[in-house]
$ cat data04.txt   # compact mmCIF, C-alpha atoms
# COMPACT_ATOMS: atom_id res chain seq x y z
CA MET Z 1 -33.76 215.66 72.81
CA THR Z 2 -33.97 216.08 69.03
CA ASN Z 3 -34.09 212.88 67.01
CA ILE Z 4 -30.57 211.40 66.88
CA ILE Z 5 -29.72 209.90 63.50
CA ILE Z 6 -26.86 207.68 62.34
CA LYS Z 7 -25.84 209.49 59.15
CA SER Z 8 -23.00 207.10 58.37
CA LEU Z 9 -21.89 203.71 59.68
CA ASN Z 10 -18.15 203.31 59.09
CA ILE Z 11 -15.72 200.42 59.41
CA GLY Z 12 -12.18 199.60 58.37
CA THR Z 13 -9.26 197.42 59.35
CA PRO Z 14 -5.67 198.56 59.97
CA LYS Z 15 -3.49 199.02 56.90
CA LYS Z 16 -0.56 201.07 55.68
CA GLU Z 17 -1.43 204.66 54.85
CA ILE Z 18 0.75 207.45 53.50
CA PHE Z 19 -0.18 210.74 55.14
CA HIS Z 20 1.70 213.74 53.75
CA GLY Z 21 4.75 211.62 53.04
CA LYS Z 22 4.66 209.71 56.33
CA GLU Z 23 3.92 205.99 56.50
CA VAL Z 24 1.45 204.99 59.22
CA ILE Z 25 -0.21 201.68 60.09
CA THR Z 26 -3.69 202.67 61.17
CA GLY Z 27 -7.39 201.86 61.08
CA ILE Z 28 -8.43 205.52 61.03
CA CYS Z 29 -9.46 205.45 57.35
CA LYS Z 30 -12.88 203.88 57.64
CA ASN Z 31 -15.46 203.52 54.87
CA PRO Z 32 -19.24 203.96 55.04
CA VAL Z 33 -21.30 200.79 54.61
CA SER Z 34 -24.98 200.41 53.81
CA GLU Z 35 -25.55 196.89 55.11
CA GLU Z 36 -26.72 196.05 58.60
CA LEU Z 37 -23.78 195.11 60.83
CA SER Z 38 -23.41 193.02 63.95
CA LEU Z 39 -22.19 194.95 66.97
CA ARG Z 40 -20.25 192.88 69.50
CA LYS Z 41 -18.74 193.78 72.86
CA THR Z 42 -15.49 194.81 71.16
CA GLY Z 43 -17.00 196.63 68.19
CA PHE Z 44 -18.54 196.24 64.75
CA GLU Z 45 -17.88 193.24 62.55
CA GLY Z 46 -15.28 194.14 59.94
CA ASP Z 47 -13.75 196.92 62.02
CA GLY Z 48 -10.37 197.05 63.74
CA VAL Z 49 -7.68 199.26 65.27
CA ALA Z 50 -3.89 199.19 64.99
CA ASP Z 51 -2.88 200.74 68.33
CA LEU Z 52 -4.47 198.41 70.85
CA LYS Z 53 -2.86 200.25 73.75
CA HIS Z 54 -4.83 203.44 73.11
CA HIS Z 55 -7.79 202.29 71.01
CA GLY Z 56 -10.33 199.49 71.00
CA GLY Z 57 -11.45 197.18 73.78
CA PRO Z 58 -14.84 196.91 75.50
CA ASP Z 59 -14.80 200.47 76.90
CA LYS Z 60 -14.04 201.88 73.44
CA ALA Z 61 -16.04 199.54 71.25
CA VAL Z 62 -17.71 202.26 69.16
CA CYS Z 63 -16.24 205.65 68.29
CA VAL Z 64 -18.87 208.36 67.77
CA TYR Z 65 -18.44 211.78 66.16
CA SER Z 66 -21.01 214.48 65.54
CA MET Z 67 -21.61 215.66 62.00
CA ASP Z 68 -22.71 218.91 63.66
CA HIS Z 69 -18.98 219.74 63.91
CA TYR Z 70 -18.09 219.07 60.27
CA PRO Z 71 -18.74 222.66 59.07
CA TYR Z 72 -16.40 223.99 61.78
CA TRP Z 73 -13.59 221.67 60.69
CA GLU Z 74 -14.15 222.37 57.00
CA GLY Z 75 -13.53 226.02 57.80
CA ILE Z 76 -10.39 225.24 59.79
CA LEU Z 77 -8.95 222.71 57.34
CA GLY Z 78 -10.14 224.38 54.14
CA ILE Z 79 -11.45 221.13 52.64
CA LYS Z 80 -14.75 219.32 52.21
CA LEU Z 81 -14.98 216.42 54.64
CA ASP Z 82 -16.38 213.00 53.83
CA TYR Z 83 -18.06 210.72 56.36
CA ALA Z 84 -15.68 209.14 58.90
CA ALA Z 85 -13.42 212.18 58.67
CA PHE Z 86 -12.27 211.56 62.24
CA GLY Z 87 -12.04 207.79 62.02
CA GLU Z 88 -15.38 207.38 63.77
CA ASN Z 89 -17.61 204.33 63.47
CA LEU Z 90 -20.74 206.44 63.74
CA THR Z 91 -21.20 209.86 62.19
CA VAL Z 92 -24.29 211.19 63.95
CA LEU Z 93 -26.64 214.17 63.95
CA ASN Z 94 -27.95 215.86 67.08
CA LEU Z 95 -25.69 214.10 69.56
CA ASN Z 96 -22.54 215.85 70.72
CA GLU Z 97 -20.23 216.56 73.64
CA ASP Z 98 -22.55 219.17 75.18
CA ASN Z 99 -25.72 217.09 75.30
CA VAL Z 100 -24.44 213.59 76.09
CA CYS Z 101 -23.25 212.42 79.50
CA ILE Z 102 -20.90 209.65 80.53
CA GLY Z 103 -23.14 206.77 81.59
CA ASP Z 104 -26.05 207.64 79.30
CA ILE Z 105 -27.63 204.54 77.77
CA PHE Z 106 -29.08 204.33 74.26
CA ARG Z 107 -30.86 201.78 72.08
CA MET Z 108 -29.19 201.60 68.68
CA GLY Z 109 -30.82 199.11 66.33
CA THR Z 110 -31.15 195.99 68.49
CA ALA Z 111 -28.02 196.81 70.50
CA LEU Z 112 -27.87 198.62 73.84
CA VAL Z 113 -24.91 200.97 74.31
CA GLN Z 114 -23.54 203.26 77.00
CA VAL Z 115 -21.30 206.34 76.85
CA SER Z 116 -17.98 205.47 78.53
CA GLN Z 117 -15.52 208.34 77.96
CA PRO Z 118 -14.44 211.15 75.62
CA ARG Z 119 -12.18 210.34 72.73
CA GLN Z 120 -8.64 211.61 73.10
CA PRO Z 121 -7.20 213.14 69.89
CA CYS Z 122 -4.00 211.47 68.74
CA LYS Z 123 -1.02 212.02 66.48
CA THR Z 124 -2.55 209.80 63.77
CA LEU Z 125 -5.34 212.33 63.30
CA ALA Z 126 -2.70 215.06 63.04
CA ALA Z 127 -0.81 213.02 60.44
CA ARG Z 128 -3.96 212.40 58.40
CA TYR Z 129 -4.55 216.11 57.92
CA GLY Z 130 -0.93 217.21 57.91
CA ARG Z 131 -1.50 219.50 60.87
CA ASN Z 132 0.99 219.32 63.72
CA ASP Z 133 -1.41 221.44 65.75
CA MET Z 134 -4.41 219.16 65.18
CA VAL Z 135 -4.44 217.67 68.67
CA LYS Z 136 -4.32 221.14 70.21
CA LEU Z 137 -7.09 222.34 67.89
CA VAL Z 138 -9.34 219.46 68.94
CA VAL Z 139 -8.62 219.97 72.64
CA ASP Z 140 -9.16 223.73 72.41
CA CYS Z 141 -12.58 223.49 70.77
CA GLY Z 142 -13.65 220.38 72.69
CA TYR Z 143 -14.99 218.58 69.62
CA THR Z 144 -13.37 215.28 70.57
CA GLY Z 145 -16.10 212.76 69.98
CA PHE Z 146 -16.72 209.96 72.47
CA TYR Z 147 -17.04 206.20 72.91
CA PHE Z 148 -19.83 203.71 73.49
CA ARG Z 149 -19.41 200.42 75.31
CA VAL Z 150 -21.83 197.65 74.33
CA LEU Z 151 -24.19 196.48 77.06
CA GLU Z 152 -26.23 194.22 74.78
CA GLU Z 153 -24.97 192.96 71.44
CA GLY Z 154 -27.16 193.39 68.38
CA THR Z 155 -27.33 194.75 64.86
CA VAL Z 156 -27.13 198.33 63.61
CA LYS Z 157 -27.70 200.02 60.25
CA VAL Z 158 -27.22 203.46 58.78
CA ASN Z 159 -30.01 206.07 58.88
CA SER Z 160 -31.56 204.49 61.96
CA SER Z 161 -32.27 206.43 65.13
CA ILE Z 162 -30.32 206.32 68.39
CA LEU Z 163 -32.95 206.25 71.11
CA PRO Z 164 -32.29 207.51 74.66
CA VAL Z 165 -33.02 204.84 77.26
CA GLU Z 166 -31.55 206.15 80.51
CA LYS Z 167 -29.83 209.40 81.50
CA ASP Z 168 -27.00 209.05 84.00
CA SER Z 169 -27.96 210.74 87.26
CA ASN Z 170 -24.55 212.43 87.70
CA LYS Z 171 -25.05 214.49 84.52
CA VAL Z 172 -21.34 214.69 83.70
CA THR Z 173 -21.23 215.73 80.06
CA ILE Z 174 -18.41 214.79 77.72
CA SER Z 175 -17.65 218.51 77.49
CA PHE Z 176 -17.31 218.79 81.27
CA ALA Z 177 -15.00 215.76 81.48
CA ASN Z 178 -12.89 217.15 78.62
CA HIS Z 179 -12.63 220.53 80.32
CA ILE Z 180 -11.44 219.06 83.61
CA TYR Z 181 -9.00 216.65 81.96
CA HIS Z 182 -7.45 219.07 79.49
CA LYS Z 183 -7.87 222.53 81.03
CA ASP Z 184 -8.70 222.43 84.73
CA LYS Z 185 -6.81 219.46 86.19
CA LYS Z 186 -6.31 221.21 89.54
CA LYS Z 187 -10.02 221.63 90.16
CA CYS Z 188 -10.48 218.81 92.67
CA GLU Z 189 -14.25 219.25 92.88
CA GLY Z 190 -14.48 218.67 89.14
CA VAL Z 191 -12.18 215.67 89.29
CA ASP Z 192 -14.35 214.14 92.02
CA LYS Z 193 -17.50 214.80 90.00
CA VAL Z 194 -16.11 212.85 87.04
CA LEU Z 195 -14.97 210.03 89.33
CA SER Z 196 -18.51 209.79 90.75
CA VAL Z 197 -19.71 208.30 87.44
CA LYS Z 198 -19.77 204.52 87.81
CA ALA Z 199 -19.84 204.06 84.03
CA LEU Z 200 -16.54 205.92 83.49
CA SER Z 201 -14.06 203.77 81.54
CA ASP Z 202 -11.23 202.04 83.39
CA SER Z 203 -8.53 204.07 81.60
CA TRP Z 204 -10.13 207.44 82.35
CA ARG Z 205 -10.85 206.39 85.93
CA LYS Z 206 -7.17 205.64 86.41
CA SER Z 207 -6.21 209.01 84.92
CA PHE Z 208 -8.66 210.85 87.17
CA HIS Z 209 -7.49 208.95 90.25
CA ASP Z 210 -3.99 210.19 89.39
CA LEU Z 211 -5.34 213.74 89.07
CA ARG Z 212 -7.11 213.38 92.42
CA GLU Z 213 -3.87 212.33 94.06
CA LYS Z 214 -2.12 215.40 92.67
CA CYS Z 215 -4.96 217.57 93.97
CA ARG Z 216 -4.48 216.13 97.46
CA ASN Z 217 -0.76 216.82 97.30
CA LEU Z 218 -1.54 220.42 96.39
CA GLY Z 219 -3.98 220.68 99.26
CA GLY Z 220 -7.03 220.82 97.02

$ encode --input "data04.txt" --output "structure tokens"
Amino acid sequence: MTNIIIKSLNIGTPKKEIFHGKEVITGICKNPVSEELSLRKTGFEGDGVADLKHHGGPDKAVCVYSMDHYPYWEGILGIKLDYAAFGENLTVLNLNEDNVCIGDIFRMGTALVQVSQPRQPCKTLAARYGRNDMVKLVVDCGYTGFYFRVLEEGTVKVNSSILPVEKDSNKVTISFANHIYHKDKKKCEGVDKVLSVKALSDSWRKSFHDLREKCRNLGG
């Protein structure tokens, strides 16, 4: 795998934002920092989320988004994007939905992290860019980003490498999980493949158990 680099380390706490005339309380507007930060089980020091039902927690401690996708979105949105354009904690190079698998483990600074699930696009992202179709656009292209859980706490800084430690044996990529969840829910074999990953987050496991039940009812 090509050297994976943290291009930007981004944090921010929830506050009131005005997006295209709409008031939103959100932590999506994160700012790049140059100092080394502590990474705990629930995320980076100085970072926070507003919607605790859908964001944050140990399975979603670190939000990761690939800078490889920025040119695509600049073409779609017609604007130049700054770091943390998708509210991610880590803007990275050479790590994306096609080449990372749920369960993969990485060394990042002195911390040890593991891929837990894809990120699900939300209405706050749509509000930020004034695009009612933003969620659909993200789902259609599959450039969702993903989450790390923290296996070992430590410190992380910008421009450092993310080093592969262990590849999950099931080889379920973020792209594959996204495809099954968003586009091929009735494919029971695919649902079972995602469920075979022990490292899958609790929330996605529940969703895929529900999908599996529907598959059984359909005779799949």

$ closest_residue --input "data04.txt" --among "Z:Ser34, Z:Asn89, Z:Thr42, Z:Asn132" --to "Ile11 of chain Z" --atoms "all atoms listed in the file"
Z:Asn89

$ closest_atom_pairs --input "data04.txt" --of "segment 115-151 of chain Z" --to "segment 21-30 of chain Z" --cutoff "10 Å" --atoms "all atoms listed in the file" --output "CSV"
residue,atom,partner,partner_atom,distance
Z:Thr124,CA,Z:Thr26,CA,7.7
Z:Leu125,CA,Z:Ile28,CA,7.8
Z:Ala127,CA,Z:Lys22,CA,7.6
Z:Arg128,CA,Z:Ile28,CA,8.6
Z:Gly130,CA,Z:Gly21,CA,9.3

$ residues_around --input "data04.txt" --residues "Glu35 of chain Z" --least-positions-apart "2" --cutoff "10 Å" --atoms "all atoms listed in the file" --output "NGL selection string"
:Z and (9 or 32-33 or 37-38 or 156-158)

$ write_last_selection --input "data04.txt" --atoms "C-alpha atoms" --output "PDB file, in the frame of the given file"
ATOM      1  CA  LEU Z   9     -21.890 203.710  59.680  1.00  0.00           C
ATOM      2  CA  PRO Z  32     -19.240 203.960  55.040  1.00  0.00           C
ATOM      3  CA  VAL Z  33     -21.300 200.790  54.610  1.00  0.00           C
ATOM      4  CA  LEU Z  37     -23.780 195.110  60.830  1.00  0.00           C
ATOM      5  CA  SER Z  38     -23.410 193.020  63.950  1.00  0.00           C
ATOM      6  CA  VAL Z 156     -27.130 198.330  63.610  1.00  0.00           C
ATOM      7  CA  LYS Z 157     -27.700 200.020  60.250  1.00  0.00           C
ATOM      8  CA  VAL Z 158     -27.220 203.460  58.780  1.00  0.00           C
TER       9      VAL Z 158
END

$ residues_around --input "data04.txt" --residues "Asp82 of chain Z" --least-positions-apart "6" --cutoff "10 Å" --atoms "only C-alpha atoms" --output "CSV table (one decimal) with C-alpha atoms, in the coordinates of the input"
chain,number,residue,atom,x,y,z
Z,8,SER,CA,-23.0,207.1,58.4
Z,31,ASN,CA,-15.5,203.5,54.9
Z,32,PRO,CA,-19.2,204.0,55.0
Z,70,TYR,CA,-18.1,219.1,60.3

$ atom_distance --input "data04.txt" --atom1 "atom CA of Val135 of chain Z" --atom2 "atom CA of Lys16 of chain Z"
21.4 Å

$ closest_residue --input "data04.txt" --among "Z:Asp98, Z:Glu74, Z:Asp59, Z:Asp133" --to "Tyr147 of chain Z" --atoms "only C-alpha atoms"
Z:Asp59

$ atom_distance --input "data04.txt" --atom1 "atom CA of Cys63 of chain Z" --atom2 "atom CA of Leu195 of chain Z"
21.5 Å

$ closest_atom_pairs --input "data04.txt" --of "segment 6-72 of chain Z" --to "segment 162-180 of chain Z" --cutoff "12 Å" --atoms "all atoms listed in the file" --output "JSON lines"
{"residue": "Z:Ile6", "atom": "CA", "partner": "Z:Ile162", "partner_atom": "CA", "distance": 7.1}
{"residue": "Z:Lys7", "atom": "CA", "partner": "Z:Ile162", "partner_atom": "CA", "distance": 10.7}
{"residue": "Z:Val64", "atom": "CA", "partner": "Z:Ile162", "partner_atom": "CA", "distance": 11.6}
{"residue": "Z:Tyr65", "atom": "CA", "partner": "Z:Ile174", "partner_atom": "CA", "distance": 11.9}

$ decode --input "data04.txt" --residues "segment 60-95 of chain Z" --atoms "N, CA and C atoms" --output "CSV table (one decimal), in the first residue's frame"
chain,number,residue,atom,x,y,z
Z,60,LYS,N,-17.1,5.2,16.8
Z,60,LYS,CA,-17.0,6.3,15.8
Z,60,LYS,C,-16.1,7.4,16.4
Z,61,ALA,N,-15.0,7.0,17.0
Z,61,ALA,CA,-14.1,8.0,17.7
Z,61,ALA,C,-13.4,8.9,16.7
Z,62,VAL,N,-13.1,8.4,15.6
Z,62,VAL,CA,-12.3,9.3,14.6
Z,62,VAL,C,-13.0,9.1,13.2
Z,63,CYS,N,-13.3,10.3,12.7
Z,63,CYS,CA,-13.9,10.3,11.3
Z,63,CYS,C,-12.8,10.6,10.3
Z,64,VAL,N,-12.7,9.7,9.3
Z,64,VAL,CA,-11.6,9.8,8.3
Z,64,VAL,C,-12.2,10.1,6.9
Z,65,TYR,N,-11.6,11.0,6.2
Z,65,TYR,CA,-12.0,11.2,4.8
Z,65,TYR,C,-10.8,11.4,3.9
Z,66,SER,N,-10.9,10.8,2.7
Z,66,SER,CA,-9.8,10.8,1.8
Z,66,SER,C,-9.7,12.1,1.0
Z,67,MET,N,-8.6,12.8,1.0
Z,67,MET,CA,-8.4,13.9,0.2
Z,67,MET,C,-8.4,13.6,-1.3
Z,68,ASP,N,-8.2,12.3,-1.6
Z,68,ASP,CA,-8.2,11.8,-3.0
Z,68,ASP,C,-9.6,12.2,-3.6
Z,69,HIS,N,-10.6,12.3,-2.8
Z,69,HIS,CA,-12.0,12.6,-3.4
Z,69,HIS,C,-12.2,14.1,-3.5
Z,70,TYR,N,-11.4,15.0,-3.0
Z,70,TYR,CA,-11.7,16.4,-3.0
Z,70,TYR,C,-11.8,17.0,-4.4
Z,71,PRO,N,-11.0,16.6,-5.4
Z,71,PRO,CA,-11.2,17.1,-6.7
Z,71,PRO,C,-12.6,16.8,-7.3
Z,72,TYR,N,-13.0,15.5,-7.0
Z,72,TYR,CA,-14.4,15.2,-7.5
Z,72,TYR,C,-15.4,16.1,-7.0
Z,73,TRP,N,-15.4,16.4,-5.7
Z,73,TRP,CA,-16.4,17.2,-5.0
Z,73,TRP,C,-16.3,18.7,-5.4
Z,74,GLU,N,-15.1,19.1,-5.7
Z,74,GLU,CA,-14.9,20.5,-6.2
Z,74,GLU,C,-15.6,20.7,-7.5
Z,75,GLY,N,-15.5,19.6,-8.4
Z,75,GLY,CA,-16.2,19.7,-9.6
Z,75,GLY,C,-17.7,19.6,-9.5
Z,76,ILE,N,-18.2,18.9,-8.5
Z,76,ILE,CA,-19.7,18.8,-8.3
Z,76,ILE,C,-20.2,20.1,-7.7
Z,77,LEU,N,-19.5,20.6,-6.7
Z,77,LEU,CA,-20.0,21.7,-5.9
Z,77,LEU,C,-19.6,23.0,-6.5
Z,78,GLY,N,-18.6,23.0,-7.4
Z,78,GLY,CA,-18.1,24.3,-8.0
Z,78,GLY,C,-17.4,25.2,-7.1
Z,79,ILE,N,-16.8,24.7,-6.1
Z,79,ILE,CA,-16.0,25.5,-5.1
Z,79,ILE,C,-14.7,24.8,-4.8
Z,80,LYS,N,-13.8,25.6,-4.3
Z,80,LYS,CA,-12.5,25.1,-3.7
Z,80,LYS,C,-12.7,24.6,-2.3
Z,81,LEU,N,-12.4,23.4,-2.0
Z,81,LEU,CA,-12.6,22.9,-0.6
Z,81,LEU,C,-11.4,23.0,0.2
Z,82,ASP,N,-11.6,23.4,1.5
Z,82,ASP,CA,-10.6,23.5,2.5
Z,82,ASP,C,-10.5,22.1,3.2
Z,83,TYR,N,-9.5,21.9,4.0
Z,83,TYR,CA,-9.4,20.7,4.8
Z,83,TYR,C,-10.6,20.6,5.7
Z,84,ALA,N,-11.0,19.4,6.1
Z,84,ALA,CA,-12.2,19.1,6.9
Z,84,ALA,C,-13.5,19.5,6.2
Z,85,ALA,N,-13.5,19.4,4.9
Z,85,ALA,CA,-14.7,19.8,4.2
Z,85,ALA,C,-15.9,18.9,4.5
Z,86,PHE,N,-15.6,17.7,5.0
Z,86,PHE,CA,-16.7,16.8,5.3
Z,86,PHE,C,-16.8,16.6,6.8
Z,87,GLY,N,-16.3,17.5,7.5
Z,87,GLY,CA,-16.4,17.4,9.0
Z,87,GLY,C,-15.5,16.3,9.6
Z,88,GLU,N,-14.5,15.8,8.8
Z,88,GLU,CA,-13.6,14.7,9.2
Z,88,GLU,C,-12.6,15.2,10.2
Z,89,ASN,N,-12.2,14.3,11.1
Z,89,ASN,CA,-11.0,14.5,12.0
Z,89,ASN,C,-9.7,14.4,11.2
Z,90,LEU,N,-9.7,13.4,10.3
Z,90,LEU,CA,-8.4,13.2,9.6
Z,90,LEU,C,-8.7,13.3,8.1
Z,91,THR,N,-8.0,14.2,7.4
Z,91,THR,CA,-8.0,14.3,6.0
Z,91,THR,C,-6.7,13.6,5.5
Z,92,VAL,N,-6.9,12.5,4.8
Z,92,VAL,CA,-5.8,11.6,4.5
Z,92,VAL,C,-5.5,11.4,3.0
Z,93,LEU,N,-4.3,11.0,2.7
Z,93,LEU,CA,-4.0,10.7,1.3
Z,93,LEU,C,-3.7,9.2,1.2
Z,94,ASN,N,-4.2,8.6,0.1
Z,94,ASN,CA,-3.9,7.2,-0.2
Z,94,ASN,C,-4.6,6.2,0.7
Z,95,LEU,N,-5.6,6.6,1.3
Z,95,LEU,CA,-6.5,5.6,2.1
Z,95,LEU,C,-7.9,6.0,1.8
